[in-house]
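Chemist: Sending over input12.csv (CSV, C-alpha atoms).
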```csv
chain,number,residue,atom,x,y,z
T,1,MET,CA,-103.7,49.7,-13.3
T,2,PRO,CA,-106.1,46.7,-13.5
T,3,GLU,CA,-106.7,44.9,-10.3
T,4,ALA,CA,-105.3,41.4,-10.0
T,5,THR,CA,-107.8,38.5,-10.4
T,6,ALA,CA,-108.3,35.9,-7.7
T,7,TYR,CA,-106.5,33.4,-10.0
T,8,GLN,CA,-103.5,35.7,-10.1
T,9,ARG,CA,-103.5,36.3,-6.4
T,10,MET,CA,-103.7,32.5,-5.8
T,11,GLU,CA,-100.7,31.9,-8.1
T,12,GLN,CA,-98.8,34.5,-6.2
T,13,ALA,CA,-99.8,33.0,-2.8
T,14,LEU,CA,-98.8,29.5,-4.0
T,15,ALA,CA,-95.4,30.8,-5.3
T,16,SER,CA,-94.6,32.5,-2.1
T,17,GLY,CA,-96.0,29.7,0.1
T,18,ASP,CA,-98.4,32.1,1.8
T,19,TYR,CA,-101.3,29.7,2.7
T,20,THR,CA,-103.2,32.3,4.6
T,21,ALA,CA,-103.5,34.5,1.5
T,22,LEU,CA,-104.4,31.3,-0.5
T,23,VAL,CA,-107.3,30.4,1.7
T,24,ARG,CA,-108.5,34.0,1.5
T,25,GLU,CA,-109.2,33.5,-2.2
T,26,ILE,CA,-111.6,30.6,-1.4
T,27,PRO,CA,-114.4,32.4,0.4
T,28,TYR,CA,-116.1,29.3,1.8
T,29,ALA,CA,-112.8,28.0,3.2
T,30,ASN,CA,-112.1,31.4,4.6
T,31,TYR,CA,-115.5,31.6,6.2
T,32,LEU,CA,-114.9,28.3,8.0
T,33,ALA,CA,-111.5,29.8,9.0
T,34,ILE,CA,-109.6,26.8,7.7
T,35,SER,CA,-105.8,27.2,8.0
T,36,VAL,CA,-102.9,25.2,6.6
T,37,GLN,CA,-99.6,24.3,8.4
T,38,GLN,CA,-96.5,22.7,7.1
T,39,THR,CA,-95.4,19.9,9.5
T,40,ASP,CA,-92.8,17.2,9.4
T,41,VAL,CA,-95.5,14.7,8.2
T,42,GLY,CA,-96.7,17.0,5.5
T,43,LEU,CA,-99.5,19.5,5.3
T,44,GLN,CA,-102.0,19.7,8.1
T,45,PHE,CA,-105.3,21.5,7.9
T,46,HIS,CA,-107.0,23.1,10.9
T,47,LEU,CA,-110.6,24.0,11.6
T,48,PRO,CA,-111.1,26.1,14.8
T,49,PHE,CA,-114.2,25.3,16.8
T,50,ARG,CA,-117.1,27.6,16.6
T,51,GLU,CA,-120.6,27.4,18.2
T,52,ASP,CA,-122.3,28.1,15.0
T,53,LEU,CA,-120.8,25.0,13.4
T,54,LEU,CA,-122.6,22.6,15.7
T,55,GLY,CA,-125.1,20.1,14.4
T,56,ASN,CA,-126.3,18.9,17.8
T,57,THR,CA,-126.3,21.3,20.8
T,58,ARG,CA,-127.2,18.6,23.3
T,59,LEU,CA,-124.3,16.4,22.3
T,60,GLY,CA,-122.0,19.3,21.4
T,61,ALA,CA,-121.3,17.6,18.1
T,62,LEU,CA,-120.1,19.4,15.0
T,63,HIS,CA,-122.5,19.3,12.1
T,64,GLY,CA,-121.7,16.4,9.7
T,65,GLY,CA,-121.9,18.8,6.8
T,66,VAL,CA,-119.2,20.9,8.3
T,67,VAL,CA,-116.9,17.9,8.7
T,68,ALA,CA,-117.6,16.9,5.1
T,69,SER,CA,-116.9,20.5,3.9
T,70,PHE,CA,-113.6,20.5,5.9
T,71,LEU,CA,-112.5,17.2,4.5
T,72,GLU,CA,-113.3,18.2,0.9
T,73,ILE,CA,-111.6,21.6,1.2
T,74,SER,CA,-108.5,20.1,2.8
T,75,ALA,CA,-108.2,17.5,0.0
T,76,GLN,CA,-108.6,20.3,-2.5
T,77,LEU,CA,-105.9,22.5,-0.9
T,78,GLN,CA,-103.6,19.4,-0.6
T,79,VAL,CA,-103.8,18.9,-4.4
T,80,LEU,CA,-103.5,22.5,-5.1
T,81,ILE,CA,-100.4,23.0,-3.0
T,82,SER,CA,-98.5,19.7,-3.3
T,83,GLN,CA,-99.3,18.7,-6.8
T,84,ASN,CA,-98.1,21.8,-8.7
T,85,GLN,CA,-101.6,23.0,-9.6
T,86,ARG,CA,-102.3,26.6,-10.5
T,87,ARG,CA,-106.1,26.5,-10.1
T,88,VAL,CA,-108.4,25.0,-7.5
T,89,PRO,CA,-109.1,21.5,-8.8
T,90,GLY,CA,-112.8,20.6,-9.2
T,91,PRO,CA,-114.1,17.5,-7.4
T,92,ILE,CA,-115.6,14.8,-9.5
T,93,ASP,CA,-117.1,12.9,-6.5
T,94,PHE,CA,-116.7,12.7,-2.8
T,95,ALA,CA,-117.5,10.0,-0.2
T,96,VAL,CA,-117.3,10.4,3.6
T,97,ASP,CA,-117.6,7.8,6.3
T,98,TYR,CA,-118.5,9.1,9.8
T,99,LEU,CA,-116.7,7.1,12.5
T,100,ARG,CA,-117.6,8.9,15.7
T,101,SER,CA,-119.1,12.3,16.5
T,102,ALA,CA,-116.9,15.3,16.3
T,103,LYS,CA,-116.8,17.2,19.6
T,104,SER,CA,-116.8,20.9,20.4
T,105,GLN,CA,-113.1,21.4,19.8
T,106,GLU,CA,-110.6,22.1,17.1
T,107,SER,CA,-110.4,19.6,14.2
T,108,MET,CA,-107.5,18.6,12.0
T,109,VAL,CA,-107.3,16.9,8.6
T,110,ASN,CA,-104.4,15.0,7.1
T,111,CYS,CA,-104.5,14.1,3.4
T,112,ARG,CA,-102.7,11.6,1.2
T,113,VAL,CA,-102.7,11.8,-2.5
T,114,LEU,CA,-103.0,8.2,-3.4
T,115,ARG,CA,-102.5,8.7,-7.1
T,116,GLN,CA,-101.9,11.7,-9.3
T,117,GLY,CA,-102.3,11.2,-13.0
T,118,SER,CA,-102.4,13.8,-15.8
T,119,ARG,CA,-106.2,14.2,-15.5
T,120,VAL,CA,-107.3,12.9,-12.1
T,121,ALA,CA,-105.9,13.1,-8.6
T,122,GLN,CA,-107.3,10.6,-6.0
T,123,VAL,CA,-107.1,11.8,-2.4
T,124,GLN,CA,-107.7,10.1,1.0
T,125,ALA,CA,-108.4,12.5,3.9
T,126,GLU,CA,-108.8,11.9,7.6
T,127,CYS,CA,-110.3,14.2,10.1
T,128,TRP,CA,-109.3,13.8,13.8
T,129,GLN,CA,-109.4,15.8,17.0
T,130,THR,CA,-107.3,14.6,19.9
T,131,ASP,CA,-105.5,11.7,18.3
T,132,PRO,CA,-104.7,11.1,14.6
T,133,ALA,CA,-105.0,7.3,15.2
T,134,THR,CA,-108.7,7.7,16.1
T,135,PRO,CA,-110.2,9.7,13.2
T,136,VAL,CA,-113.8,11.1,13.5
T,137,ALA,CA,-114.3,10.8,9.8
T,138,THR,CA,-112.5,9.7,6.6
T,139,ALA,CA,-113.2,10.7,3.0
T,140,ARG,CA,-111.9,10.1,-0.4
T,141,VAL,CA,-112.2,12.7,-3.2
T,142,ASN,CA,-111.4,12.4,-6.9
T,143,PHE,CA,-110.4,15.7,-8.6
T,144,LEU,CA,-110.3,16.6,-12.2
T,145,LEU,CA,-107.0,18.4,-13.0
T,146,GLN,CA,-106.5,21.3,-15.3
T,147,ASP,CA,-104.6,20.6,-18.5
T,148,LEU,CA,-101.2,22.0,-17.8
T,149,ASP,CA,-99.4,22.8,-21.0
T,150,GLU,CA,-96.0,22.7,-19.4
T,151,LYS,CA,-94.3,21.6,-16.2
T,152,SER,CA,-95.8,18.2,-15.6
T,153,SER,CA,-95.5,17.2,-11.9
T,154,GLN,CA,-94.1,13.8,-12.7
V,1,MET,CA,-156.0,13.4,9.8
V,2,ASN,CA,-153.9,14.4,6.8
V,3,ASP,CA,-153.7,17.9,8.0
V,4,GLU,CA,-152.7,16.7,11.4
V,5,LYS,CA,-149.8,14.7,9.9
V,6,ALA,CA,-148.8,17.6,7.8
V,7,GLN,CA,-148.7,19.8,10.9
V,8,VAL,CA,-146.5,17.3,12.7
V,9,ARG,CA,-144.1,17.2,9.7
V,10,ALA,CA,-144.0,21.0,9.6
V,11,ARG,CA,-143.2,21.0,13.3
V,12,ILE,CA,-140.4,18.4,12.8
V,13,ALA,CA,-138.9,20.4,10.0
V,14,ASP,CA,-139.1,23.7,11.9
V,15,GLY,CA,-137.5,22.2,15.0
V,16,TYR,CA,-134.8,20.6,12.9
V,17,ILE,CA,-133.7,24.0,11.5
V,18,ARG,CA,-134.0,25.8,14.8
V,19,THR,CA,-132.2,23.2,17.0
V,20,THR,CA,-129.3,22.6,14.5
V,21,PRO,CA,-127.0,25.6,14.7
V,22,TYR,CA,-125.3,25.0,11.4
V,23,ASN,CA,-128.6,24.6,9.5
V,24,HIS,CA,-129.5,27.9,10.9
V,25,THR,CA,-126.0,29.4,10.2
V,26,LEU,CA,-126.3,28.4,6.5
V,27,GLY,CA,-129.6,30.0,6.2
V,28,ALA,CA,-131.4,26.9,4.9
V,29,GLU,CA,-135.2,27.2,4.4
V,30,VAL,CA,-137.6,24.3,4.3
V,31,VAL,CA,-139.5,24.1,1.0
V,32,THR,CA,-141.1,20.7,1.4
V,33,ALA,CA,-141.6,18.4,4.4
V,34,ASP,CA,-143.5,15.4,3.2
V,35,GLU,CA,-143.4,11.7,4.3
V,36,GLY,CA,-139.8,10.7,3.9
V,37,LEU,CA,-139.2,13.6,1.6
V,38,ALA,CA,-137.5,16.9,2.3
V,39,VAL,CA,-136.6,19.9,0.1
V,40,PHE,CA,-134.3,22.7,1.3
V,41,ARG,CA,-133.6,26.0,-0.4
V,42,LEU,CA,-130.3,27.8,0.4
V,43,PRO,CA,-130.2,31.4,-0.7
V,44,PHE,CA,-126.8,32.5,-2.1
V,45,ARG,CA,-124.3,34.3,0.0
V,46,GLU,CA,-120.8,35.6,-0.8
V,47,GLN,CA,-119.3,33.3,1.8
V,48,PHE,CA,-120.4,30.2,-0.2
V,49,ILE,CA,-118.2,31.0,-3.2
V,50,GLY,CA,-115.5,28.5,-4.2
V,51,ASP,CA,-114.3,30.2,-7.3
V,52,ILE,CA,-114.4,34.0,-7.3
V,53,ASP,CA,-113.3,34.6,-10.9
V,54,ALA,CA,-115.7,32.0,-12.4
V,55,GLY,CA,-118.5,32.9,-10.0
V,56,LEU,CA,-119.3,29.5,-8.6
V,57,TRP,CA,-120.5,28.0,-5.3
V,58,HIS,CA,-118.0,25.9,-3.5
V,59,SER,CA,-119.1,22.3,-4.1
V,60,SER,CA,-118.9,21.4,-0.4
V,61,VAL,CA,-121.6,23.9,0.6
V,62,GLY,CA,-123.9,21.7,-1.5
V,63,THR,CA,-122.6,18.6,0.4
V,64,ALA,CA,-123.3,20.2,3.8
V,65,LEU,CA,-126.8,21.2,2.6
V,66,MET,CA,-127.3,17.7,1.3
V,67,ASP,CA,-126.3,16.2,4.6
V,68,ALA,CA,-128.9,18.4,6.4
V,69,THR,CA,-131.6,17.6,3.9
V,70,CYS,CA,-131.0,13.8,4.0
V,71,GLY,CA,-131.2,13.9,7.8
V,72,LEU,CA,-134.6,15.7,7.7
V,73,SER,CA,-135.9,13.2,5.1
V,74,VAL,CA,-135.1,10.4,7.5
V,75,LEU,CA,-136.8,12.1,10.5
V,76,LEU,CA,-139.8,12.5,8.2
V,77,ALA,CA,-139.8,8.8,7.3
V,78,LEU,CA,-139.6,7.5,10.9
V,79,PRO,CA,-142.8,6.4,12.7
V,80,LYS,CA,-141.7,8.3,15.8
V,81,ILE,CA,-139.1,10.9,16.7
V,82,GLU,CA,-135.7,9.2,17.1
V,83,SER,CA,-132.1,10.4,17.1
V,84,ILE,CA,-130.1,9.6,14.0
V,85,ALA,CA,-126.5,9.8,12.9
V,86,THR,CA,-125.0,9.9,9.4
V,87,LEU,CA,-123.0,6.8,8.7
V,88,ASP,CA,-121.8,7.7,5.2
V,89,LEU,CA,-122.6,10.1,2.4
V,90,ARG,CA,-121.5,10.1,-1.2
V,91,MET,CA,-121.8,13.0,-3.7
V,92,ASP,CA,-121.4,13.0,-7.5
V,93,TYR,CA,-120.7,16.5,-8.7
V,94,LEU,CA,-122.4,16.7,-12.1
V,95,ARG,CA,-121.8,20.4,-12.8
V,96,PRO,CA,-120.9,23.5,-10.7
V,97,ALA,CA,-123.6,25.6,-9.1
V,98,VAL,CA,-123.6,29.2,-10.4
V,99,ALA,CA,-123.2,32.1,-7.8
V,100,ASP,CA,-126.1,34.6,-7.1
V,101,LYS,CA,-128.7,31.9,-7.6
V,102,PRO,CA,-130.1,29.7,-4.7
V,103,LEU,CA,-129.3,26.1,-4.4
V,104,TYR,CA,-131.9,23.4,-3.8
V,105,ALA,CA,-131.5,20.0,-2.1
V,106,ARG,CA,-134.1,17.3,-2.3
V,107,ALA,CA,-133.7,14.1,-0.3
V,108,GLU,CA,-135.9,11.0,-0.2
V,109,CYS,CA,-135.6,8.3,2.5
V,110,TYR,CA,-136.5,5.4,0.3
V,111,HIS,CA,-135.8,2.5,2.6
V,112,LEU,CA,-135.9,1.9,6.3
V,113,THR,CA,-134.8,-1.1,8.3
V,114,ARG,CA,-134.8,-1.5,12.1
V,115,ARG,CA,-131.4,0.1,12.4
V,116,ILE,CA,-130.6,1.9,9.1
V,117,ALA,CA,-132.2,4.5,6.9
V,118,PHE,CA,-131.2,4.7,3.2
V,119,VAL,CA,-131.4,8.1,1.4
V,120,ARG,CA,-130.9,9.4,-2.1
V,121,GLY,CA,-130.8,13.1,-3.0
V,122,GLU,CA,-130.5,15.6,-5.7
V,123,LEU,CA,-128.9,19.1,-5.8
V,124,TYR,CA,-130.0,21.6,-8.4
V,125,GLN,CA,-130.6,25.3,-9.0
V,126,ALA,CA,-133.4,26.6,-11.2
V,127,ASN,CA,-134.2,23.4,-13.0
V,128,ARG,CA,-134.4,19.9,-11.4
V,129,LYS,CA,-133.6,18.3,-14.8
V,130,ARG,CA,-130.2,19.9,-14.7
V,131,LEU,CA,-128.7,18.5,-11.5
V,132,THR,CA,-125.6,20.0,-10.0
V,133,GLY,CA,-125.2,17.0,-7.8
V,134,HIS,CA,-126.4,13.6,-6.9
V,135,CYS,CA,-126.2,11.9,-3.4
V,136,THR,CA,-126.6,8.6,-1.6
V,137,ALA,CA,-126.4,8.3,2.1
V,138,ALA,CA,-127.0,5.9,5.0
V,139,PHE,CA,-128.1,6.8,8.5
V,140,MET,CA,-128.0,4.9,11.8
V,141,ARG,CA,-131.1,5.0,13.9
V,142,THR,CA,-129.6,5.5,17.3
V,143,SER,CA,-132.7,5.6,19.6
V,144,LYS,CA,-132.3,4.2,23.1
V,145,LYS,CA,-135.3,1.9,22.6
V,146,THR,CA,-133.8,0.1,19.6
V,147,ASP,CA,-130.5,-0.2,21.5
V,148,ALA,CA,-132.3,-1.6,24.6
V,149,ARG,CA,-134.1,-4.2,22.4
V,150,ARG,CA,-130.8,-5.1,20.7
V,151,ALA,CA,-129.1,-5.6,24.1
V,152,GLN,CA,-132.0,-7.8,25.2
V,153,ASN,CA,-131.7,-9.9,22.1
V,154,ALA,CA,-127.9,-10.2,22.3
```
Just dump the structure as structure tokens.
Modeler:
Amino acid sequence: MPEATAYQRMEQALASGDYTALVREIPYANYLAISVQQTDVGLQFHLPFREDLLGNTRLGALHGGVVASFLEISAQLQVLISQNQRRVPGPIDFAVDYLRSAKSQESMVNCRVLRQGSRVAQVQAECWQTDPATPVATARVNFLLQDLDEKSSQ
Amino acid sequence: MNDEKAQVRARIADGYIRTTPYNHTLGAEVVTADEGLAVFRLPFREQFIGDIDAGLWHSSVGTALMDATCGLSVLLALPKIESIATLDLRMDYLRPAVADKPLYARAECYHLTRRIAFVRGELYQANRKRLTGHCTAAFMRTSKKTDARRAQNA
């Protein structure tokens, strides 16, 4: 019997709502140990703290590139899960604003899909640590969507 | 004299990799450390994959590498060692990066003011004429000295 492809495993994970299995199919997201939780305000993404993710040991600050990766992957998962996508959407462009340094602790991301058309999804993402009202960084990401022959999400 | 400057730049680049855990974690190698110009090479690893079936790097690995490269280009443009912080960074994803091949990031700090450093960067694989990504970023110069002068002037 042929082994299932990553795409097939992802479709299965999406259908069953198994986000742990979903993240496992995206090696870089899995490497950062990003996890997804369903909360009453929507999906929430978690990045556990690890020493090797630091950018500045003296300040104990997370590397800006790690925060950027976390924001982008979260926005990508948000579109994948909430917008009825079957494949990981490819980003067209990405812009991050760093507001304060991210400390040596767990980080969270909340996303909002500002607009979802048939070709492009525009997402706003905020990364925070202790209080969602004081984000450490915000980002916006535009994704190119796959042409879905059937089942438009509208 | 030129040799001396080149040595200082090599030391800055070396220290930058060693003292930044995530640069070290990624496995980024310095290719060029010139005045206001930095080139990093990131050898491929399985954990950098974003799409298993298509065999592609995750776009946000390039973003993290770009953030690191931009930072070094600023340090190489400053007259003296200062601490800096990324203010914002924007990436255009021109084409995906292919797995198994290394990724290169080239950043140039093209303008410095008393408080801000402006950077542009390119991401590519074998051929710099076929960019995988393009970047612009701004950094704050956060040295105590500049802050003290600012407080005095205020």
Chemist: Could you pull the residues within 8 Å of Ala13 of chain V, counting all atoms listed in the file, minus those fewer than 3 positions along the same chain, as a VMD selection string?
Modeler: chain V and resid 9 to 10 16 to 17 30 33 72
Chemist: If you take only C-alpha atoms and a cut-off of 8 Å, which residues of chain V touch chain T, and what are their nearest atom pairs and distances in Å to one decimal, in chain and number order, as JSON lines?
Modeler:
```
{"residue": "V:Thr19", "atom": "CA", "partner": "T:Thr57", "partner_atom": "CA", "distance": 7.3}
{"residue": "V:Thr20", "atom": "CA", "partner": "T:Gly55", "partner_atom": "CA", "distance": 4.9}
{"residue": "V:Pro21", "atom": "CA", "partner": "T:Asp52", "partner_atom": "CA", "distance": 5.3}
{"residue": "V:Tyr22", "atom": "CA", "partner": "T:Leu53", "partner_atom": "CA", "distance": 4.9}
{"residue": "V:Asn23", "atom": "CA", "partner": "T:Gly55", "partner_atom": "CA", "distance": 7.5}
{"residue": "V:Thr25", "atom": "CA", "partner": "T:Asp52", "partner_atom": "CA", "distance": 6.2}
{"residue": "V:Glu46", "atom": "CA", "partner": "T:Pro27", "partner_atom": "CA", "distance": 7.3}
{"residue": "V:Gln47", "atom": "CA", "partner": "T:Tyr28", "partner_atom": "CA", "distance": 5.1}
{"residue": "V:Phe48", "atom": "CA", "partner": "T:Tyr28", "partner_atom": "CA", "distance": 4.8}
{"residue": "V:Ile49", "atom": "CA", "partner": "T:Pro27", "partner_atom": "CA", "distance": 5.4}
{"residue": "V:Gly50", "atom": "CA", "partner": "T:Ile26", "partner_atom": "CA", "distance": 5.2}
{"residue": "V:Asp51", "atom": "CA", "partner": "T:Ile26", "partner_atom": "CA", "distance": 6.5}
{"residue": "V:Ile52", "atom": "CA", "partner": "T:Ala6", "partner_atom": "CA", "distance": 6.4}
{"residue": "V:Asp53", "atom": "CA", "partner": "T:Ala6", "partner_atom": "CA", "distance": 6.1}
{"residue": "V:His58", "atom": "CA", "partner": "T:Tyr28", "partner_atom": "CA", "distance": 6.6}
{"residue": "V:Ser59", "atom": "CA", "partner": "T:Pro91", "partner_atom": "CA", "distance": 7.7}
{"residue": "V:Ser60", "atom": "CA", "partner": "T:Ser69", "partner_atom": "CA", "distance": 4.8}
{"residue": "V:Val61", "atom": "CA", "partner": "T:Ser69", "partner_atom": "CA", "distance": 6.7}
{"residue": "V:Thr63", "atom": "CA", "partner": "T:Gly65", "partner_atom": "CA", "distance": 6.4}
{"residue": "V:Ala64", "atom": "CA", "partner": "T:Gly65", "partner_atom": "CA", "distance": 3.6}
{"residue": "V:Leu65", "atom": "CA", "partner": "T:Gly65", "partner_atom": "CA", "distance": 6.9}
{"residue": "V:Met66", "atom": "CA", "partner": "T:Gly65", "partner_atom": "CA", "distance": 7.8}
{"residue": "V:Asp67", "atom": "CA", "partner": "T:Gly65", "partner_atom": "CA", "distance": 5.6}
{"residue": "V:Ala68", "atom": "CA", "partner": "T:Gly65", "partner_atom": "CA", "distance": 7.0}
{"residue": "V:Thr86", "atom": "CA", "partner": "T:Tyr98", "partner_atom": "CA", "distance": 6.6}
{"residue": "V:Leu87", "atom": "CA", "partner": "T:Tyr98", "partner_atom": "CA", "distance": 5.2}
{"residue": "V:Asp88", "atom": "CA", "partner": "T:Asp97", "partner_atom": "CA", "distance": 4.3}
{"residue": "V:Leu89", "atom": "CA", "partner": "T:Val96", "partner_atom": "CA", "distance": 5.4}
{"residue": "V:Arg90", "atom": "CA", "partner": "T:Ala95", "partner_atom": "CA", "distance": 4.1}
{"residue": "V:Met91", "atom": "CA", "partner": "T:Phe94", "partner_atom": "CA", "distance": 5.2}
{"residue": "V:Asp92", "atom": "CA", "partner": "T:Asp93", "partner_atom": "CA", "distance": 4.4}
{"residue": "V:Tyr93", "atom": "CA", "partner": "T:Ile92", "partner_atom": "CA", "distance": 5.4}
{"residue": "V:Leu94", "atom": "CA", "partner": "T:Ile92", "partner_atom": "CA", "distance": 7.5}
```
Chemist: Restricting it to C-alpha atoms, dump the selection as a PDB file, in the frame of the given file.
Modeler:
```pdb
ATOM      1  CA  THR V  19    -132.200  23.200  17.000  1.00  0.00           C
ATOM      2  CA  THR V  20    -129.300  22.600  14.500  1.00  0.00           C
ATOM      3  CA  PRO V  21    -127.000  25.600  14.700  1.00  0.00           C
ATOM      4  CA  TYR V  22    -125.300  25.000  11.400  1.00  0.00           C
ATOM      5  CA  ASN V  23    -128.600  24.600   9.500  1.00  0.00           C
ATOM      6  CA  THR V  25    -126.000  29.400  10.200  1.00  0.00           C
ATOM      7  CA  GLU V  46    -120.800  35.600  -0.800  1.00  0.00           C
ATOM      8  CA  GLN V  47    -119.300  33.300   1.800  1.00  0.00           C
ATOM      9  CA  PHE V  48    -120.400  30.200  -0.200  1.00  0.00           C
ATOM     10  CA  ILE V  49    -118.200  31.000  -3.200  1.00  0.00           C
ATOM     11  CA  GLY V  50    -115.500  28.500  -4.200  1.00  0.00           C
ATOM     12  CA  ASP V  51    -114.300  30.200  -7.300  1.00  0.00           C
ATOM     13  CA  ILE V  52    -114.400  34.000  -7.300  1.00  0.00           C
ATOM     14  CA  ASP V  53    -113.300  34.600 -10.900  1.00  0.00           C
ATOM     15  CA  HIS V  58    -118.000  25.900  -3.500  1.00  0.00           C
ATOM     16  CA  SER V  59    -119.100  22.300  -4.100  1.00  0.00           C
ATOM     17  CA  SER V  60    -118.900  21.400  -0.400  1.00  0.00           C
ATOM     18  CA  VAL V  61    -121.600  23.900   0.600  1.00  0.00           C
ATOM     19  CA  THR V  63    -122.600  18.600   0.400  1.00  0.00           C
ATOM     20  CA  ALA V  64    -123.300  20.200   3.800  1.00  0.00           C
ATOM     21  CA  LEU V  65    -126.800  21.200   2.600  1.00  0.00           C
ATOM     22  CA  MET V  66    -127.300  17.700   1.300  1.00  0.00           C
ATOM     23  CA  ASP V  67    -126.300  16.200   4.600  1.00  0.00           C
ATOM     24  CA  ALA V  68    -128.900  18.400   6.400  1.00  0.00           C
ATOM     25  CA  THR V  86    -125.000   9.900   9.400  1.00  0.00           C
ATOM     26  CA  LEU V  87    -123.000   6.800   8.700  1.00  0.00           C
ATOM     27  CA  ASP V  88    -121.800   7.700   5.200  1.00  0.00           C
ATOM     28  CA  LEU V  89    -122.600  10.100   2.400  1.00  0.00           C
ATOM     29  CA  ARG V  90    -121.500  10.100  -1.200  1.00  0.00           C
ATOM     30  CA  MET V  91    -121.800  13.000  -3.700  1.00  0.00           C
ATOM     31  CA  ASP V  92    -121.400  13.000  -7.500  1.00  0.00           C
ATOM     32  CA  TYR V  93    -120.700  16.500  -8.700  1.00  0.00           C
ATOM     33  CA  LEU V  94    -122.400  16.700 -12.100  1.00  0.00           C
TER      34      LEU V  94
END
```
Chemist: Determine, counting only C-alpha atoms, which protein, DNA and RNA residues have an atom within 7 Å of an atom of Glu106 of chain T; residues of the same chain fewer than 3 positions away are not included. Present the result as a list in words.
Modeler: Leu47, Pro48, Phe49 and Gln129 of chain T
Chemist: Hey, what's within 7 Å of His46 of chain T if we count all atoms listed in the file and toss same-chain stuff fewer than 6 positions away? As an MDAnalysis selection string, please?
Modeler: chainID T and resid 34:36 107:109
Chemist: Near Phe44 of chain V, counting all atoms listed in the file, which residues have an atom at most 12 Å away, once you skip same-chain residues fewer than 6 positions from it, shown as a JSON list (two decimals) with C-alpha atoms, in the coordinates of the input?
Modeler:
```
[["chain", "number", "residue", "atom", "x", "y", "z"],
["T", 28, "TYR", "CA", -116.10, 29.30, 1.80],
["V", 26, "LEU", "CA", -126.30, 28.40, 6.50],
["V", 27, "GLY", "CA", -129.60, 30.00, 6.20],
["V", 28, "ALA", "CA", -131.40, 26.90, 4.90],
["V", 29, "GLU", "CA", -135.20, 27.20, 4.40],
["V", 55, "GLY", "CA", -118.50, 32.90, -10.00],
["V", 56, "LEU", "CA", -119.30, 29.50, -8.60],
["V", 57, "TRP", "CA", -120.50, 28.00, -5.30],
["V", 58, "HIS", "CA", -118.00, 25.90, -3.50],
["V", 61, "VAL", "CA", -121.60, 23.90, 0.60],
["V", 62, "GLY", "CA", -123.90, 21.70, -1.50],
["V", 97, "ALA", "CA", -123.60, 25.60, -9.10],
["V", 98, "VAL", "CA", -123.60, 29.20, -10.40],
["V", 99, "ALA", "CA", -123.20, 32.10, -7.80],
["V", 100, "ASP", "CA", -126.10, 34.60, -7.10],
["V", 101, "LYS", "CA", -128.70, 31.90, -7.60],
["V", 102, "PRO", "CA", -130.10, 29.70, -4.70],
["V", 103, "LEU", "CA", -129.30, 26.10, -4.40],
["V", 104, "TYR", "CA", -131.90, 23.40, -3.80],
["V", 125, "GLN", "CA", -130.60, 25.30, -9.00]]
```
Chemist: Which distance in Å separates atom CA of Leu145 of chain T and atom CA of Cys111 of chain T, to one decimal?
Modeler: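 These two atoms are separated by 17.1 Å.
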Chemist: Could you tell me how far atom CA of Val119 of chain V lies from atom CA of Ala38 of chain V, in Å and to one decimal?
Modeler: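 Atom-to-atom, atom CA of Val119 of chain V to atom CA of Ala38 of chain V, that is 10.7 Å.
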Chemist: Can you work out the spacing between atom CA of Phe40 of chain V and atom CA of Cys135 of chain V in Å, to one decimal?
Modeler: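 Atom-to-atom, atom CA of Phe40 of chain V to atom CA of Cys135 of chain V, that is 14.3 Å.
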Chemist: So which one's closest to Gln38 of chain T, T:Thr20, T:Gln85, T:Gln116, T:Gln76? Using all atoms listed in the file, please.
Modeler: T:Thr20
Chemist: What's around Gly36 of chain V at 6 Å? Count only C-alpha atoms, leave out sequence neighbours fewer than 5 positions away in its own chain, and write the answer as a PyMOL selection string.
Modeler: chain V and resi 73-74+76-77+108-109
